[in-house]
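Containing TSV, C-alpha atoms and all ligand atoms: run08.tsv.
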chain	number	residue	atom	x	y	z
T	1114	MET	CA	0.00	0.00	0.00
T	1115	ILE	CA	2.74	2.44	1.03
T	1116	ARG	CA	4.86	1.49	-2.02
T	1117	LEU	CA	1.96	1.96	-4.38
T	1118	THR	CA	1.04	5.34	-3.00
T	1119	SER	CA	4.67	6.49	-3.08
T	1120	ALA	CA	4.69	5.66	-6.79
T	1121	ALA	CA	1.62	7.83	-7.22
T	1122	LEU	CA	3.48	10.56	-5.37
T	1123	LEU	CA	6.34	10.37	-7.87
T	1124	LEU	CA	3.94	10.44	-10.78
T	1125	ALA	CA	2.48	13.59	-9.33
T	1126	ALA	CA	5.67	15.60	-9.99
T	1127	PHE	CA	5.07	18.27	-12.61
T	1128	ILE	CA	7.69	20.44	-14.25
T	1129	ALA	CA	7.49	23.78	-12.48
T	1130	SER	CA	9.14	27.04	-13.49
T	1131	PRO	CA	9.60	30.26	-11.49
T	1132	VAL	CA	7.28	33.19	-12.14
T	1133	ALA	CA	8.76	36.31	-13.84
T	1134	ALA	CA	8.42	39.79	-12.33
T	1135	GLN	CA	4.96	41.26	-12.99
T	1136	ASP	CA	3.57	37.80	-13.62
T	1137	TRP	CA	1.04	35.97	-11.54
T	1138	ARG	CA	0.15	32.34	-11.00
T	1139	LEU	CA	-2.80	30.42	-9.61
T	1140	VAL	CA	-2.81	26.78	-8.50
T	1141	ILE	CA	-5.94	24.94	-7.36
T	1142	HIS	CA	-7.17	21.59	-6.12
T	1143	GLY	CA	-10.62	20.05	-5.89
T	1144	GLY	CA	-9.76	17.21	-3.51
T	1145	ALA	CA	-7.66	14.04	-3.53
T	1146	GLY	CA	-8.74	10.43	-3.17
T	1147	THR	CA	-9.36	7.15	-4.97
T	1148	ILE	CA	-9.96	9.00	-8.21
T	1149	ALA	CA	-9.19	6.40	-10.86
T	1150	ARG	CA	-10.28	6.26	-14.51
T	1151	GLU	CA	-12.34	3.13	-13.87
T	1152	ASN	CA	-14.39	4.94	-11.19
T	1153	MET	CA	-15.19	7.93	-13.41
T	1154	THR	CA	-17.77	8.22	-16.17
T	1155	PRO	CA	-16.66	10.17	-19.28
T	1156	GLU	CA	-19.39	12.73	-18.50
T	1157	ARG	CA	-18.10	13.28	-14.99
T	1158	ASP	CA	-14.53	13.58	-16.23
T	1159	VAL	CA	-15.61	16.34	-18.63
T	1160	GLU	CA	-17.72	18.06	-15.97
T	1161	ILE	CA	-14.89	18.15	-13.43
T	1162	ARG	CA	-12.38	19.49	-15.95
T	1163	ALA	CA	-14.86	22.19	-17.01
T	1164	ALA	CA	-15.46	23.16	-13.37
T	1165	LEU	CA	-11.74	23.38	-12.61
T	1166	THR	CA	-11.19	25.42	-15.78
T	1167	LEU	CA	-13.97	27.84	-14.87
T	1168	ALA	CA	-12.50	28.31	-11.39
T	1169	LEU	CA	-9.03	28.92	-12.85
T	1170	GLU	CA	-10.40	31.40	-15.40
T	1171	THR	CA	-12.27	33.30	-12.70
T	1172	GLY	CA	-9.22	33.63	-10.46
T	1173	SER	CA	-6.96	34.40	-13.43
T	1174	GLU	CA	-9.13	37.32	-14.45
T	1175	VAL	CA	-8.72	38.84	-10.99
T	1176	LEU	CA	-4.93	38.44	-11.11
T	1177	ALA	CA	-4.57	39.59	-14.73
T	1178	ASN	CA	-6.48	42.76	-13.85
T	1179	GLY	CA	-4.07	43.54	-11.02
T	1180	GLY	CA	-6.19	42.06	-8.22
T	1181	THR	CA	-4.57	40.75	-5.06
T	1182	ALA	CA	-3.75	37.13	-4.34
T	1183	ILE	CA	-6.38	37.16	-1.55
T	1184	GLU	CA	-9.05	38.41	-3.95
T	1185	ALA	CA	-8.09	35.75	-6.50
T	1186	VAL	CA	-8.12	32.92	-3.95
T	1187	GLU	CA	-11.56	33.93	-2.72
T	1188	ALA	CA	-12.99	34.41	-6.25
T	1189	THR	CA	-11.68	30.98	-7.30
T	1190	ILE	CA	-13.09	29.18	-4.28
T	1191	LEU	CA	-16.48	30.93	-4.59
T	1192	VAL	CA	-16.92	29.18	-7.95
T	1193	LEU	CA	-16.00	25.76	-6.55
T	1194	GLU	CA	-18.23	26.20	-3.49
T	1195	ASP	CA	-21.25	26.69	-5.74
T	1196	ASP	CA	-20.46	23.60	-7.82
T	1197	PRO	CA	-22.18	20.47	-6.45
T	1198	ASN	CA	-19.34	18.29	-7.76
T	1199	PHE	CA	-17.12	19.41	-4.90
T	1200	ASN	CA	-17.24	18.82	-1.18
T	1201	ALA	CA	-17.48	22.51	-0.27
T	1202	GLY	CA	-20.49	24.79	0.01
T	1203	ARG	CA	-23.19	23.22	-2.19
T	1204	GLY	CA	-22.43	19.51	-2.48
T	1205	ALA	CA	-20.77	19.24	0.92
T	1206	VAL	CA	-20.69	15.84	2.61
T	1207	PHE	CA	-23.06	14.99	5.48
T	1208	THR	CA	-22.24	14.53	9.14
T	1209	ALA	CA	-23.36	11.35	10.95
T	1210	ALA	CA	-26.41	13.32	12.07
T	1211	GLY	CA	-27.29	14.17	8.47
T	1212	ARG	CA	-26.21	17.82	8.50
T	1213	ASN	CA	-23.80	19.90	6.43
T	1214	GLU	CA	-21.20	21.55	8.65
T	1215	LEU	CA	-18.67	23.55	6.70
T	1216	ASP	CA	-15.05	24.53	7.39
T	1217	ALA	CA	-12.95	27.14	5.57
T	1218	SER	CA	-9.85	29.27	5.98
T	1219	ILE	CA	-7.89	31.93	4.17
T	1220	MET	CA	-4.46	33.48	4.75
T	1221	ASP	CA	-2.64	36.53	3.38
T	1222	GLY	CA	1.08	35.87	2.88
T	1223	ARG	CA	1.94	39.57	2.90
T	1224	THR	CA	0.79	40.24	6.46
T	1225	ARG	CA	0.19	36.68	7.69
T	1226	ASP	CA	-3.32	37.75	8.58
T	1227	ALA	CA	-5.66	34.78	8.62
T	1228	GLY	CA	-9.33	33.93	9.05
T	1229	ALA	CA	-11.08	30.61	9.58
T	1230	VAL	CA	-14.49	29.16	10.34
T	1231	ALA	CA	-15.44	25.68	11.51
T	1232	GLY	CA	-18.77	23.88	11.56
T	1233	VAL	CA	-20.81	26.66	9.97
T	1234	THR	CA	-24.21	25.78	8.59
T	1235	ALA	CA	-25.92	28.76	7.04
T	1236	THR	CA	-23.47	30.77	4.94
T	1237	ARG	CA	-23.56	30.19	1.20
T	1238	HIS	CA	-19.85	30.89	0.89
T	1239	PRO	CA	-17.77	29.77	3.90
T	1240	ILE	CA	-14.61	31.16	2.25
T	1241	ALA	CA	-16.17	34.65	2.26
T	1242	LEU	CA	-16.98	34.16	5.94
T	1243	ALA	CA	-13.38	33.15	6.67
T	1244	ARG	CA	-12.24	36.33	4.93
T	1245	ALA	CA	-14.74	38.38	6.95
T	1246	VAL	CA	-13.34	36.89	10.17
T	1247	MET	CA	-9.85	37.89	9.00
T	1248	GLU	CA	-10.79	41.42	7.97
T	1249	ASN	CA	-13.70	42.39	10.21
T	1250	SER	CA	-13.14	40.67	13.54
T	1251	PRO	CA	-10.34	40.71	16.11
T	1252	HIS	CA	-10.11	36.90	15.83
T	1253	VAL	CA	-8.56	34.31	13.57
T	1254	MET	CA	-11.03	31.46	14.05
T	1255	MET	CA	-14.74	31.27	14.86
T	1256	ALA	CA	-16.85	28.13	15.16
T	1257	ALA	CA	-20.39	26.76	14.89
T	1258	GLY	CA	-23.28	28.90	16.17
T	1259	GLY	CA	-21.07	31.89	16.94
T	1260	ALA	CA	-19.61	31.90	13.44
T	1261	ASP	CA	-23.12	31.56	11.98
T	1262	GLN	CA	-24.18	34.56	14.07
T	1263	PHE	CA	-21.15	36.58	12.95
T	1264	SER	CA	-22.00	35.75	9.33
T	1265	LEU	CA	-25.52	37.07	9.77
T	1266	GLU	CA	-24.31	40.26	11.44
T	1267	ALA	CA	-21.63	40.75	8.76
T	1268	GLY	CA	-24.40	40.68	6.14
T	1269	LEU	CA	-23.06	37.66	4.25
T	1270	GLU	CA	-25.39	35.72	1.99
T	1271	GLN	CA	-27.29	33.09	3.97
T	1272	ALA	CA	-28.43	29.75	2.57
T	1273	PRO	CA	-30.97	27.21	3.90
T	1274	PRO	CA	-29.92	23.56	4.50
T	1275	GLU	CA	-31.47	22.56	1.16
T	1276	TRP	CA	-28.94	24.70	-0.68
T	1277	PHE	CA	-26.09	22.46	0.44
T	1278	TYR	CA	-27.99	19.18	-0.08
T	1279	THR	CA	-27.18	16.83	-2.95
T	1280	GLN	CA	-28.65	13.36	-3.37
T	1281	GLU	CA	-25.23	11.89	-4.16
T	1282	ARG	CA	-23.71	13.05	-0.89
T	1283	TYR	CA	-26.80	11.96	1.04
T	1284	ASP	CA	-26.58	8.48	-0.51
T	1285	GLN	CA	-22.88	8.44	0.38
T	1286	LEU	CA	-23.83	9.01	4.03
T	1287	GLN	CA	-26.33	6.13	3.90
T	1288	ARG	CA	-23.60	3.83	2.53
T	1289	PHE	CA	-21.23	5.08	5.22
T	1290	LEU	CA	-23.76	4.39	7.99
T	1291	ALA	CA	-24.48	0.91	6.59
T	1292	ARG	CA	-20.83	0.00	5.96
T	1293	ASP	CA	-19.53	-3.35	7.08
T	1294	LEU	CA	-16.84	-2.56	9.64
T	1295	SER	CA	-15.51	-6.12	9.46
T	1296	ASP	CA	-14.88	-5.82	5.71
T	1297	ALA	CA	-11.60	-3.96	5.18
T	1298	SER	CA	-12.16	-3.75	1.43
T	1299	ASP	CA	-15.44	-1.92	2.02
T	1300	LEU	CA	-13.61	0.73	3.99
T	1301	ALA	CA	-10.54	0.86	1.78
T	1302	GLY	CA	-12.53	1.04	-1.44
T	1303	ALA	CA	-14.89	3.75	-0.34
T	1304	ASP	CA	-13.91	7.37	-0.42
T	1305	TYR	CA	-16.08	9.28	1.93
T	1306	LYS	CA	-14.68	12.74	1.59
T	1307	PHE	CA	-12.93	13.81	-1.57
T	1308	GLY	CA	-13.86	17.08	-3.20
T	1309	THR	CA	-12.45	19.61	-0.74
T	1310	VAL	CA	-11.33	22.70	-2.65
T	1311	GLY	CA	-8.33	24.98	-2.31
T	1312	ALA	CA	-6.38	27.68	-4.09
T	1313	VAL	CA	-2.99	29.36	-3.79
T	1314	ALA	CA	-2.03	32.47	-5.74
T	1315	ILE	CA	0.80	34.91	-6.31
T	1316	ASP	CA	-0.21	38.32	-7.63
T	1317	MET	CA	1.62	40.89	-9.76
T	1318	GLU	CA	3.01	42.49	-6.60
T	1319	GLY	CA	4.55	39.16	-5.63
T	1320	ASN	CA	2.19	38.60	-2.69
T	1321	LEU	CA	1.02	35.10	-1.81
T	1322	ALA	CA	-2.33	33.87	-0.45
T	1323	ALA	CA	-3.95	30.51	0.28
T	1324	GLY	CA	-7.48	29.31	0.98
T	1325	THR	CA	-9.32	26.03	1.58
T	1326	SER	CA	-13.01	25.13	1.90
T	1327	THR	CA	-14.69	21.82	2.73
T	1328	GLY	CA	-17.64	19.94	4.15
T	1329	GLY	CA	-15.14	17.73	5.97
T	1330	THR	CA	-15.58	13.96	6.00
T	1331	THR	CA	-18.76	11.94	5.49
T	1332	GLY	CA	-20.24	10.70	8.76
T	1333	LYS	CA	-18.05	12.93	10.93
T	1334	LEU	CA	-19.13	13.11	14.55
T	1335	TYR	CA	-20.66	16.12	16.27
T	1336	GLY	CA	-18.17	18.93	16.57
T	1337	ARG	CA	-15.47	17.26	14.47
T	1338	VAL	CA	-13.15	19.80	12.86
T	1339	GLY	CA	-10.67	18.79	10.15
T	1340	ASP	CA	-7.46	20.39	8.94
T	1341	SER	CA	-9.02	22.72	6.36
T	1342	PRO	CA	-9.82	25.57	8.78
T	1343	VAL	CA	-6.71	25.02	10.88
T	1344	ILE	CA	-4.06	27.59	9.95
T	1345	GLY	CA	-0.76	25.74	9.58
T	1346	ALA	CA	-2.43	22.39	8.87
T	1347	GLY	CA	-4.75	22.77	5.86
T	1348	THR	CA	-3.84	26.33	4.88
T	1349	TYR	CA	-0.80	28.57	5.22
T	1350	ALA	CA	0.68	31.57	3.40
T	1351	ASP	CA	3.87	33.48	4.13
T	1352	ASN	CA	5.58	35.73	1.58
T	1353	ARG	CA	8.94	34.62	3.00
T	1354	ALA	CA	8.29	31.03	1.96
T	1355	CYS	CA	5.15	29.78	0.24
T	1356	ALA	CA	1.39	29.32	0.12
T	1357	VAL	CA	-0.18	25.90	0.72
T	1358	SER	CA	-3.64	24.36	0.60
T	1359	ALA	CA	-4.09	20.73	1.62
T	1360	THR	CA	-6.73	18.07	1.15
T	1361	GLY	CA	-6.94	14.63	2.65
T	1362	ALA	CA	-7.41	12.80	5.92
T	1363	GLY	CA	-7.62	15.89	8.11
T	1364	GLU	CA	-6.74	14.23	11.41
T	1365	TYR	CA	-3.28	13.35	10.05
T	1366	TYR	CA	-2.77	16.70	8.35
T	1367	ILE	CA	-3.42	18.43	11.68
T	1368	ARG	CA	-1.01	16.13	13.53
T	1369	GLU	CA	1.74	16.77	10.97
T	1370	GLY	CA	1.05	20.51	10.71
T	1371	VAL	CA	1.38	19.98	6.97
T	1372	ALA	CA	0.97	23.46	5.48
T	1373	HIS	CA	3.26	25.23	7.94
T	1374	GLU	CA	5.80	22.40	7.84
T	1375	ILE	CA	6.11	22.72	4.06
T	1376	CYS	CA	6.64	26.49	4.32
T	1377	ALA	CA	9.17	26.01	7.13
T	1378	ARG	CA	11.23	23.56	5.03
T	1379	ILE	CA	11.25	26.03	2.14
T	1380	ARG	CA	12.17	28.92	4.41
T	1381	PHE	CA	14.81	27.29	6.57
T	1382	LEU	CA	16.20	24.50	4.38
T	1383	GLY	CA	15.88	26.22	1.01
T	1384	GLU	CA	13.96	23.30	-0.45
T	1385	SER	CA	11.86	23.75	-3.57
T	1386	PRO	CA	8.06	23.54	-3.25
T	1387	GLN	CA	8.16	20.05	-4.80
T	1388	GLN	CA	10.90	18.79	-2.47
T	1389	ALA	CA	9.23	20.20	0.64
T	1390	ALA	CA	5.76	19.00	-0.35
T	1391	ASP	CA	6.94	15.47	-1.21
T	1392	PHE	CA	8.88	15.19	2.05
T	1393	VAL	CA	6.00	16.32	4.26
T	1394	GLN	CA	3.50	14.24	2.31
T	1395	ALA	CA	5.69	11.16	2.87
T	1396	GLU	CA	5.92	11.87	6.61
T	1397	THR	CA	2.16	12.34	6.81
T	1398	LEU	CA	1.67	9.04	5.02
T	1399	GLU	CA	3.91	7.37	7.61
T	1400	LEU	CA	1.36	8.44	10.23
T	1401	GLY	CA	-1.36	6.93	8.00
T	1402	GLY	CA	-2.62	10.08	6.30
T	1403	THR	CA	-3.46	10.07	2.60
T	1404	GLY	CA	-4.17	13.18	0.56
T	1405	GLY	CA	-2.44	15.95	-1.31
T	1406	VAL	CA	-1.23	19.53	-1.33
T	1407	ILE	CA	-0.75	22.42	-3.73
T	1408	VAL	CA	2.21	24.70	-3.08
T	1409	LEU	CA	3.30	28.01	-4.56
T	1410	GLY	CA	6.70	29.43	-3.61
T	1411	ALA	CA	7.55	33.11	-3.13
T	1412	ASP	CA	9.39	33.04	-6.48
T	1413	GLY	CA	6.37	31.51	-8.22
T	1414	ASP	CA	7.79	27.98	-8.35
T	1415	TRP	CA	4.93	25.56	-7.68
T	1416	ALA	CA	4.07	21.94	-6.99
T	1417	PHE	CA	1.33	19.37	-6.73
T	1418	SER	CA	2.06	16.44	-4.43
T	1419	PHE	CA	-0.34	13.65	-3.51
T	1420	ASN	CA	-0.20	10.05	-2.33
T	1421	THR	CA	-3.66	9.08	-3.54
T	1422	ALA	CA	-4.68	7.67	-6.94
T	1423	GLY	CA	-5.70	11.11	-8.13
T	1424	MET	CA	-6.25	14.73	-7.21
T	1425	TYR	CA	-8.49	17.21	-9.00
T	1426	ARG	CA	-6.05	20.01	-9.75
T	1427	GLY	CA	-5.06	22.85	-12.05
T	1428	MET	CA	-2.71	25.76	-12.69
T	1429	ALA	CA	-3.03	29.00	-14.62
T	1430	GLU	CA	-0.47	31.63	-15.58
T	1431	PRO	CA	-0.25	34.39	-18.20
T	1432	GLY	CA	0.19	33.38	-21.81
T	1433	SER	CA	-0.94	29.76	-21.76
T	1434	GLU	CA	-4.09	27.68	-21.53
T	1435	PRO	CA	-5.00	26.60	-17.97
T	1436	LEU	CA	-3.59	23.20	-17.02
T	1437	VAL	CA	-6.16	20.81	-15.56
T	1438	ALA	CA	-5.60	17.22	-14.40
T	1439	ILE	CA	-7.38	14.49	-12.45
T	1440	TYR	CA	-5.46	11.20	-12.38
T	1441	GLY	CA	-2.04	10.41	-10.98
T	1442	ASP	CA	-0.55	9.54	-14.36
T	1443	GLU	CA	-1.26	12.83	-16.13
T	1501	LIG	N1	-9.20	17.54	4.73
T	1501	LIG	C1	-10.63	17.49	4.80
T	1501	LIG	C2	-11.03	17.16	6.21
T	1501	LIG	O1	-10.42	16.31	6.82
T	1501	LIG	C3	-11.24	16.51	3.86
T	1501	LIG	C4	-10.64	16.46	2.47
T	1501	LIG	O2	-9.75	17.22	2.17
T	1501	LIG	O3	-11.05	15.63	1.66
T	1501	LIG	O4	-11.99	17.72	6.68

Can the structure in the file be given as structure tokens, please?
Ligand code: ASP
Amino acid sequence: MIRLTSAALLLAAFIASPVAAQDWRLVIHGGAGTIARENMTPERDVEIRAALTLALETGSEVLANGGTAIEAVEATILVLEDDPNFNAGRGAVFTAAGRNELDASIMDGRTRDAGAVAGVTATRHPIALARAVMENSPHVMMAAGGADQFSLEAGLEQAPPEWFYTQERYDQLQRFLARDLSDASDLAGADYKFGTVGAVAIDMEGNLAAGTSTGGTTGKLYGRVGDSPVIGAGTYADNRACAVSATGAGEYYIREGVAHEICARIRFLGESPQQAADFVQAETLELGGTGGVIVLGADGDWAFSFNTAGMYRGMAEPGSEPLVAIYGDE
């Protein structure tokens, strides 16, 4: 298992080049997991690629027009949160109690300001709420009912539970609740979470930002919070090093402190985004955690790294068509 996933990790290496002055770059993910060709219909493959492309185009427009990395990260994630194909906003997974409880975070690499929300239930765009916490509150992280209340008072768009509901995710919960705990293949074969979304960007001023949004994991218990809203685990941005957004088995990503650890390796050891990401991914896998990360360095160098069969992912930069990929071998 470990050997196989390490091979996938190697396959995930893309050729990355530094960004030139006045350029920008945007890297995104839409979740990692057992995403193999045999599990995908051709229609779904096309739909996912179109969704990733739309998100990249939306964020690119912001950056090409001189917008900030924070603005681009938020604009990109807003698109993915509205798309029911992803486990964020509309289309989020269900908790064991049959609810959608959403987590999101955002971080500005220029100032290292950050905002995060956990277990929110009524905001259409959790990433916008995370940004509101960063910009309009004295806090970094707000949770559950209090965060819902803050959202209302901040005038953010509210959404009823039906907005987040999709039949596919609901059916996934029913399968999860009925799973045979004695059958390892049932657990290994099922992927109860993938579809978390994230973005990292560098703007024309050379500032970095990162953001992540998710419904968490199917069947999560009351009050469970994953890595996505935890600054330093699922999200981190620091102009001195890099911007990171992670996706995967959140419990392990929290324990490893994945996003901050990658930036620390780049900052203190001078590793490239790919080297740092692969190293930290391998260590997280040693704990038992599968998933992936996107990384963008302060010089624009970038990386995807994942130890799962696939990761929905993409990259956009000036002067070329957006790059979009799903499987480990592309
Ligand atoms: N990391 C997310 C969580 O644990 C799930 C995912 O990325 O698929 O909540």

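Neighbouring residues of Thr1166 (chain T) at 12 Å or closer, counting only C-alpha atoms and skipping chain neighbours under 3 positions away, are T:Leu1139, T:Val1140, T:Ile1141, T:His1142, T:Gly1143, T:Val1159, T:Glu1160, T:Ile1161, T:Arg1162, T:Ala1163, T:Leu1169, T:Glu1170, T:Thr1171, T:Gly1172, T:Ser1173, T:Thr1189, T:Val1192, T:Leu1193, T:Tyr1425, T:Arg1426, T:Gly1427, T:Met1428, T:Ala1429, T:Glu1434, T:Pro1435, T:Leu1436, T:Val1437, T:Ala1438.
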
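We find CA of Ala1354 (chain T) and CA of Arg1244 (chain T) to be spaced 21.4 Å apart.
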
Show me a table, sorted first by chain and then by increasing residue number, of the residues of region 1150-1241 of chain T having an atom at most 10 Å from region 1323-1329 of chain T, each with its shortest atom pair and the distance in Å to one decimal, counting only C-alpha atoms and written as JSON lines.
{"residue": "T:Ala1182", "atom": "CA", "partner": "T:Ala1323", "partner_atom": "CA", "distance": 8.1}
{"residue": "T:Ile1183", "atom": "CA", "partner": "T:Ala1323", "partner_atom": "CA", "distance": 7.3}
{"residue": "T:Ala1185", "atom": "CA", "partner": "T:Ala1323", "partner_atom": "CA", "distance": 9.5}
{"residue": "T:Val1186", "atom": "CA", "partner": "T:Gly1324", "partner_atom": "CA", "distance": 6.1}
{"residue": "T:Glu1187", "atom": "CA", "partner": "T:Gly1324", "partner_atom": "CA", "distance": 7.2}
{"residue": "T:Thr1189", "atom": "CA", "partner": "T:Gly1324", "partner_atom": "CA", "distance": 9.4}
{"residue": "T:Ile1190", "atom": "CA", "partner": "T:Ser1326", "partner_atom": "CA", "distance": 7.4}
{"residue": "T:Leu1191", "atom": "CA", "partner": "T:Ser1326", "partner_atom": "CA", "distance": 9.4}
{"residue": "T:Leu1193", "atom": "CA", "partner": "T:Ser1326", "partner_atom": "CA", "distance": 9.0}
{"residue": "T:Glu1194", "atom": "CA", "partner": "T:Ser1326", "partner_atom": "CA", "distance": 7.6}
{"residue": "T:Phe1199", "atom": "CA", "partner": "T:Thr1327", "partner_atom": "CA", "distance": 8.4}
{"residue": "T:Asn1200", "atom": "CA", "partner": "T:Gly1328", "partner_atom": "CA", "distance": 5.5}
{"residue": "T:Ala1201", "atom": "CA", "partner": "T:Thr1327", "partner_atom": "CA", "distance": 4.2}
{"residue": "T:Gly1202", "atom": "CA", "partner": "T:Gly1328", "partner_atom": "CA", "distance": 7.0}
{"residue": "T:Arg1203", "atom": "CA", "partner": "T:Gly1328", "partner_atom": "CA", "distance": 9.0}
{"residue": "T:Gly1204", "atom": "CA", "partner": "T:Gly1328", "partner_atom": "CA", "distance": 8.2}
{"residue": "T:Ala1205", "atom": "CA", "partner": "T:Gly1328", "partner_atom": "CA", "distance": 4.6}
{"residue": "T:Val1206", "atom": "CA", "partner": "T:Gly1328", "partner_atom": "CA", "distance": 5.3}
{"residue": "T:Phe1207", "atom": "CA", "partner": "T:Gly1328", "partner_atom": "CA", "distance": 7.5}
{"residue": "T:Thr1208", "atom": "CA", "partner": "T:Gly1329", "partner_atom": "CA", "distance": 8.4}
{"residue": "T:Arg1212", "atom": "CA", "partner": "T:Gly1328", "partner_atom": "CA", "distance": 9.8}
{"residue": "T:Asn1213", "atom": "CA", "partner": "T:Gly1328", "partner_atom": "CA", "distance": 6.6}
{"residue": "T:Glu1214", "atom": "CA", "partner": "T:Gly1328", "partner_atom": "CA", "distance": 6.0}
{"residue": "T:Leu1215", "atom": "CA", "partner": "T:Gly1328", "partner_atom": "CA", "distance": 4.5}
{"residue": "T:Asp1216", "atom": "CA", "partner": "T:Thr1327", "partner_atom": "CA", "distance": 5.4}
{"residue": "T:Ala1217", "atom": "CA", "partner": "T:Ser1326", "partner_atom": "CA", "distance": 4.2}
{"residue": "T:Ser1218", "atom": "CA", "partner": "T:Thr1325", "partner_atom": "CA", "distance": 5.5}
{"residue": "T:Ile1219", "atom": "CA", "partner": "T:Gly1324", "partner_atom": "CA", "distance": 4.1}
{"residue": "T:Met1220", "atom": "CA", "partner": "T:Ala1323", "partner_atom": "CA", "distance": 5.4}
{"residue": "T:Asp1221", "atom": "CA", "partner": "T:Ala1323", "partner_atom": "CA", "distance": 6.9}
{"residue": "T:Gly1222", "atom": "CA", "partner": "T:Ala1323", "partner_atom": "CA", "distance": 7.8}
{"residue": "T:Ala1227", "atom": "CA", "partner": "T:Ala1323", "partner_atom": "CA", "distance": 9.5}
{"residue": "T:Gly1228", "atom": "CA", "partner": "T:Gly1324", "partner_atom": "CA", "distance": 9.5}
{"residue": "T:Ala1229", "atom": "CA", "partner": "T:Thr1325", "partner_atom": "CA", "distance": 9.4}
{"residue": "T:Val1230", "atom": "CA", "partner": "T:Ser1326", "partner_atom": "CA", "distance": 9.5}
{"residue": "T:Ala1231", "atom": "CA", "partner": "T:Gly1328", "partner_atom": "CA", "distance": 9.6}
{"residue": "T:Gly1232", "atom": "CA", "partner": "T:Gly1328", "partner_atom": "CA", "distance": 8.5}
{"residue": "T:Val1233", "atom": "CA", "partner": "T:Gly1328", "partner_atom": "CA", "distance": 9.4}
{"residue": "T:Thr1234", "atom": "CA", "partner": "T:Gly1328", "partner_atom": "CA", "distance": 9.8}
{"residue": "T:His1238", "atom": "CA", "partner": "T:Ser1326", "partner_atom": "CA", "distance": 9.0}
{"residue": "T:Pro1239", "atom": "CA", "partner": "T:Ser1326", "partner_atom": "CA", "distance": 6.9}
{"residue": "T:Ile1240", "atom": "CA", "partner": "T:Ser1326", "partner_atom": "CA", "distance": 6.2}

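Between Glu1318 (chain T) and the residues T:Ala1411, T:Leu1286, T:Cys1355, T:Leu1382, the shortest atom-to-atom distance, using only C-alpha atoms, involves T:Ala1411.
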
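Nearest residue to Ala1359 (chain T) among T:Leu1400, T:Ala1243, T:Val1406, T:Val1313 is T:Val1406, counting all atoms listed in the file.
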
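You will find CA of Glu1384 (chain T) at 28.9 Å from CA of Ile1148 (chain T).
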
Checklist entry - With all atoms listed in the file as the atoms that count, which of T:Gly1345, T:Gly1402, T:Gly1146, T:Gly1211 lies nearest to Arg1225 (chain T)? => result T:Gly1345

Using only C-alpha atoms and all ligand atoms, tabulate the residues of chain T lying at most 6 Å from any atom of ligand LIG 1501 (chain T), each with its closest atom pair and that distance in Å to one decimal, by chain and increasing residue number, as a tab-separated table.
residue	atom	partner	partner_atom	distance
T:Gly1144	CA	T:LIG1501	O3	5.6
T:Lys1306	CA	T:LIG1501	O3	4.6
T:Phe1307	CA	T:LIG1501	O3	4.2
T:Gly1308	CA	T:LIG1501	O3	5.8
T:Thr1309	CA	T:LIG1501	O2	4.6
T:Gly1329	CA	T:LIG1501	O4	3.2
T:Thr1330	CA	T:LIG1501	O4	5.2
T:Gly1339	CA	T:LIG1501	O4	3.9
T:Asp1340	CA	T:LIG1501	N1	5.4
T:Ser1341	CA	T:LIG1501	N1	5.4
T:Thr1360	CA	T:LIG1501	O2	3.3
T:Gly1361	CA	T:LIG1501	O2	3.9
T:Ala1362	CA	T:LIG1501	O1	4.7
T:Gly1363	CA	T:LIG1501	O1	3.1
